[in-house]
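Shown next, in structure tokens, is the structure this report addresses.
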Amino acid sequence: MALKGLENLKKEYDCIVVGAGLGGLTCANRLATAGHSVLLLEQHIQFGGLAAWFKRKKHIFDVALHGFPVGMKKTCRKYWNKEMADRIVPLEGIKFDNPQFSLSTTYEREDFTRILDEKFGVNRATVERFFEASRAMTFTDDDSMTTRQFLNQFFPARTDVWRLLMEPITYANGSTLDDPAVSYCIVFSNFMSKGVYTFQGGTDLIIKMMEEQLERNGVDARARALVEKITVEDGRVTGVVANGQHLRCRSVVSNANLKTTILKMLPQEVISPEFREKTEKVRINNSSCQVYIGIKEGETIDPATGDLLFTSTADEFDAEKMLDKHVTSRTFSIYYPTGRPGHNRHTIVSSTNARYQDWADLPQDVYENDKKALAEDTLVHLEKYVPGVRDKIDHLEVATPSTFQRYTLHVAGSSFGTKFEGLGVSRGIHEEVPGLFHTGSVAIIMSGWLGAANYGVIVANEVDRYIREQSEVTPSAG
């Protein structure tokens with residue numbers, strides 16, 4: 001388990017990883033298995049980043065465990081352990097309900113093909129061409145085509161089809177029709193391979209299992225360790241300042257927000273004006289609001305209600321309207337006791353995309369009243385799917401973009417990192433400052449549980465190569 005504070009550290013590490021989100025955790029574990037000395041620093045009291053949980057009364061609420069592609073199973077097996085991978089199980093109750101259509105789906109290619117053919121009247125050959133084109137895209141492809149342009153090639157002016165294809169991905173990572181098509185296609189194709197999966201046992205269990213493996217692999221993991229600066233000497237990274245203490249290392253991987261890493265942690269004289277300008281132009285992705293609903297002991301929810309409910313009262317899909325404080329679209333994630341064996345309680349989490357500026361700097365009384373209004377509006381809409389739900393509830397709590405900013409330190413409480421242009425900056429940081437790397441939620445592609453973990457692996461391989469090259473010049477650290 002992670003220790004708190006910075007006592008009894010080594011004089012130097014091969015790598016210091018700043019931030020214990022899924023990208024930072026996976027990167028640290030990968031580097032440790034490659035034989036490097038690793039110090040993992042997290043400012044919060046628990047690891048996981050937005051893969052978080054909290055306890056209220058006898059409830060355990062998962063903040064972000066709503067669903068991920070089956071690829072997470074392979075990633076866990078290959079880069080963590082088989083026990084973790086074996087707990088990744090499918091979610092089968094995926095439902096849509098909006099003015100354009102209502103349907104249930106397993107959320108994978110075969111079922112979507114059937115639905116598009118039978119319910120939406122789209123020619124199967126067109127559907128197949130769409131799926132093949134989506135699957136063929138990689139993150140190195142041209143990013144000039146927007147998702148709107150891409151969808152129009154196959155389903156011109158079919159806003160109902162666009163909604164089916166886009167709305168869950170927008171909830172998952174903030175995508176819009178005007179973002180690069182490559183960012184949409186990669187994430188969508190990952191889900192379409194075999195549907196939506198989750199981790200049986202809850203977020204607290206998977207993070208506990210990750211911490212245990214980090215300890216077995218020799219990672220020095222510390223919580224409540226806030227990194228304030230990244231130090232650079234003679235053009236290369238030499239360490240960090242955390243809790244006021246200078247810690248030396250050969251390389252740093254920042255799992256913090258990209259713009260915070262470059263514009264706040266680094267000495268500004270070590271980056272070029274061009275790179276600084278490029279970083280400043282990176283757009284931050286949107287944030288979220290969540291309403292956490294605890295169901296009384298002994299009360300139940302009919303499993304036929306579903307696991308994930310994508311609901312909306314908006315006439316058509318509109319990513320901007322999905323951000324509005326006057327909510328029209330929300331996802332209900334319903335957690336049954338089977339998802340957390342041994343914990344016989346039901347919980348529901350309502351998630352809505354949100355703008356930080358709509359919630360930041362409000363007078364406290366206005367802020368609290370707005371949270372109450374969001375909670376009430378959520379219950380009004382939830383009654384349609386869980387009749388009589390008000391009588392079943394014993395806990396109700398609201399998180400806003402300000403909540404996410406406070407606990408994660410993400411710029412503007414971002415739930416999904418940066419827009420697509422952040423990828424080039426994240427990937428190019430090592431060229432600008434040798435020894436400094438970045439992993440985390442960038443470019444939409446690298447967001448979500450699977451994207452963040454896989455990006456951690458990609459970056460770990462690059463850091464491993466850098467450390468080995470440096471070892472040919474100087475002895476190994478620690």
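Note on naming: chains are A, B, ... as they come in the structure tokens, residues start from 1 per chain, ligands start from 1 in the order shown.
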Identify all residues of region 203-318 of chain A in strand (DSSP E or B) (DSSP on the backbone) and supply them as a PyMOL selection string. chain A and resi 220-223+227-233+236-242+245-254+284+287-295+308-312
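Near region 387-389 of chain A, within 12 Å and counting only C-alpha atoms, sit Ile293, Gly294, Ile295, Lys296, Glu299, Thr300, Ile301, Asp302, Thr305, His346, Thr347, Ile348, Thr378, Leu379, Val380, His381, Leu382, Glu383, Lys384, Lys392, Ile393, Asp394, His395 and Leu396 of chain A; same-chain residues fewer than 3 positions away were not included.
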Could you turn the residues from that selection into a file that holds C-alpha atoms, as a tab-separated table (two decimals), in the first residue's frame?
chain	number	residue	atom	x	y	z
A	293	ILE	CA	-27.78	7.90	-5.49
A	294	GLY	CA	-27.67	5.29	-2.72
A	295	ILE	CA	-30.50	2.77	-2.43
A	296	LYS	CA	-31.69	1.65	1.02
A	299	GLU	CA	-34.61	-2.22	-1.56
A	300	THR	CA	-33.85	-3.50	-5.05
A	301	ILE	CA	-33.79	-2.38	-8.67
A	302	ASP	CA	-35.17	-4.67	-11.37
A	305	THR	CA	-33.82	-1.70	-15.99
A	346	HIS	CA	-27.61	-0.95	-5.18
A	347	THR	CA	-26.31	2.43	-6.31
A	348	ILE	CA	-27.03	4.68	-9.28
A	378	THR	CA	-32.12	13.99	-11.97
A	379	LEU	CA	-34.69	12.25	-9.76
A	380	VAL	CA	-37.55	13.55	-11.92
A	381	HIS	CA	-36.00	11.89	-14.97
A	382	LEU	CA	-34.92	8.75	-13.12
A	383	GLU	CA	-38.52	8.07	-12.05
A	384	LYS	CA	-39.28	7.10	-15.65
A	392	LYS	CA	-35.85	3.79	-2.14
A	393	ILE	CA	-33.10	6.38	-1.58
A	394	ASP	CA	-31.09	6.88	1.60
A	395	HIS	CA	-28.23	8.97	0.19
A	396	LEU	CA	-28.05	11.69	-2.47
For region 113-122 of chain A, please output as number ranges by chain all residues within 12 Å (counting only C-alpha atoms; exclusion window: fewer than 4 positions along the same chain). A: 100-109, 126-131, 154-156, 158-165, 192
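Shell of Thr198 (chain A) at 10 Å, with only C-alpha atoms counted and residues fewer than 2 places along the chain excluded, is Leu65, His66, Gly67, Phe68, Pro69, Val70, Met72, Lys73, Arg87, Ile88, Val89, Pro90, Leu91, Val196, Gln200, Gly201, Gly202, Thr203 and Gly339 of chain A.
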N, CA and C atoms of the current selection, written as a PDB file, in the first residue's frame:
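out.pdb written:
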ATOM      1  N   LEU A  65     -16.313   4.164 -13.079  1.00  0.00           N
ATOM      2  CA  LEU A  65     -16.356   2.773 -13.552  1.00  0.00           C
ATOM      3  C   LEU A  65     -17.695   2.504 -14.223  1.00  0.00           C
ATOM      4  N   HIS A  66     -17.881   3.048 -15.424  1.00  0.00           N
ATOM      5  CA  HIS A  66     -19.148   2.880 -16.123  1.00  0.00           C
ATOM      6  C   HIS A  66     -19.039   1.877 -17.265  1.00  0.00           C
ATOM      7  N   GLY A  67     -17.878   1.740 -17.856  1.00  0.00           N
ATOM      8  CA  GLY A  67     -17.725   0.787 -18.948  1.00  0.00           C
ATOM      9  C   GLY A  67     -16.533   1.124 -19.811  1.00  0.00           C
ATOM     10  N   PHE A  68     -15.879   0.084 -20.324  1.00  0.00           N
ATOM     11  CA  PHE A  68     -14.727   0.270 -21.205  1.00  0.00           C
ATOM     12  C   PHE A  68     -14.696  -0.891 -22.200  1.00  0.00           C
ATOM     13  N   PRO A  69     -13.905  -0.781 -23.276  1.00  0.00           N
ATOM     14  CA  PRO A  69     -13.845  -1.849 -24.271  1.00  0.00           C
ATOM     15  C   PRO A  69     -13.174  -3.106 -23.730  1.00  0.00           C
ATOM     16  N   VAL A  70     -13.382  -4.202 -24.433  1.00  0.00           N
ATOM     17  CA  VAL A  70     -12.804  -5.484 -24.021  1.00  0.00           C
ATOM     18  C   VAL A  70     -11.281  -5.443 -24.044  1.00  0.00           C
ATOM     19  N   MET A  72      -9.409  -3.688 -22.488  1.00  0.00           N
ATOM     20  CA  MET A  72      -8.896  -3.509 -21.136  1.00  0.00           C
ATOM     21  C   MET A  72      -8.528  -4.848 -20.510  1.00  0.00           C
ATOM     22  N   LYS A  73      -9.218  -5.883 -20.928  1.00  0.00           N
ATOM     23  CA  LYS A  73      -8.926  -7.229 -20.414  1.00  0.00           C
ATOM     24  C   LYS A  73      -7.522  -7.665 -20.842  1.00  0.00           C
ATOM     25  N   ARG A  87     -11.423 -10.531 -13.822  1.00  0.00           N
ATOM     26  CA  ARG A  87     -12.555  -9.835 -13.201  1.00  0.00           C
ATOM     27  C   ARG A  87     -13.245  -8.856 -14.152  1.00  0.00           C
ATOM     28  N   ILE A  88     -12.748  -8.745 -15.355  1.00  0.00           N
ATOM     29  CA  ILE A  88     -13.372  -7.861 -16.335  1.00  0.00           C
ATOM     30  C   ILE A  88     -14.471  -8.625 -17.062  1.00  0.00           C
ATOM     31  N   VAL A  89     -15.701  -8.155 -16.908  1.00  0.00           N
ATOM     32  CA  VAL A  89     -16.877  -8.891 -17.375  1.00  0.00           C
ATOM     33  C   VAL A  89     -17.760  -7.971 -18.226  1.00  0.00           C
ATOM     34  N   PRO A  90     -18.569  -8.569 -19.113  1.00  0.00           N
ATOM     35  CA  PRO A  90     -19.402  -7.737 -19.996  1.00  0.00           C
ATOM     36  C   PRO A  90     -20.610  -7.127 -19.300  1.00  0.00           C
ATOM     37  N   LEU A  91     -20.991  -5.937 -19.763  1.00  0.00           N
ATOM     38  CA  LEU A  91     -22.275  -5.326 -19.416  1.00  0.00           C
ATOM     39  C   LEU A  91     -23.210  -5.545 -20.596  1.00  0.00           C
ATOM     40  N   VAL A 196     -19.375  -3.511 -24.243  1.00  0.00           N
ATOM     41  CA  VAL A 196     -18.960  -2.749 -23.070  1.00  0.00           C
ATOM     42  C   VAL A 196     -18.659  -3.710 -21.915  1.00  0.00           C
ATOM     43  N   GLN A 200     -15.533  -6.339 -12.169  1.00  0.00           N
ATOM     44  CA  GLN A 200     -16.339  -6.900 -11.091  1.00  0.00           C
ATOM     45  C   GLN A 200     -15.579  -6.794  -9.770  1.00  0.00           C
ATOM     46  N   GLY A 201     -16.175  -6.048  -8.855  1.00  0.00           N
ATOM     47  CA  GLY A 201     -15.518  -5.827  -7.575  1.00  0.00           C
ATOM     48  C   GLY A 201     -15.355  -4.352  -7.261  1.00  0.00           C
ATOM     49  N   GLY A 202     -15.503  -3.512  -8.278  1.00  0.00           N
ATOM     50  CA  GLY A 202     -15.463  -2.072  -8.056  1.00  0.00           C
ATOM     51  C   GLY A 202     -14.095  -1.453  -8.233  1.00  0.00           C
ATOM     52  N   THR A 203     -14.096  -0.135  -8.369  1.00  0.00           N
ATOM     53  CA  THR A 203     -12.860   0.601  -8.583  1.00  0.00           C
ATOM     54  C   THR A 203     -11.888   0.425  -7.435  1.00  0.00           C
ATOM     55  N   GLY A 339     -22.219  -6.768  -9.214  1.00  0.00           N
ATOM     56  CA  GLY A 339     -21.008  -6.073  -9.657  1.00  0.00           C
ATOM     57  C   GLY A 339     -19.988  -5.875  -8.561  1.00  0.00           C
TER      58      GLY A 339
END
Near region 328-332 of chain A, within 9 Å and counting only C-alpha atoms, which residues show up once chain neighbours fewer than 2 positions away are dropped, as a PyMOL selection string? chain A and resi 98+168+171+307-314+321-326+334+348-353+378+382
Could you give me, as a count of residues only, the residues within 7 Å of Trp359 (chain A), counting only C-alpha atoms and dropping anything in the same chain fewer than 2 positions from it? 6
Name the residues of region 127-296 of chain A that fall into alpha helix (DSSP H) according to DSSP on the backbone, using the chain letters and numbers of this document, as a PyMOL selection string. chain A and resi 127-136+147-154+159-173+181-194+203-216+258-260+273-280
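Minimum atom-to-atom distance to Gln268 (chain A), evaluated using only C-alpha atoms, belongs to A:Lys229 out of A:Lys10, A:His59, A:Lys229, A:Leu41.
Using only C-alpha atoms, the nearest neighbour of Glu215 (chain A) within the list A:Glu462, A:Met84, A:Glu12, A:Thr33 is A:Thr33.
The space separating CA of Asp62 (chain A) from CA of Tyr79 (chain A) comes to 23.1 Å.
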Neighbour list for Ala319 (chain A) as a list in words, cut-off 8 Å, only C-alpha atoms, skip fewer than 5 positions in-chain: Thr170, Ser175, Thr176 and Leu177 of chain A
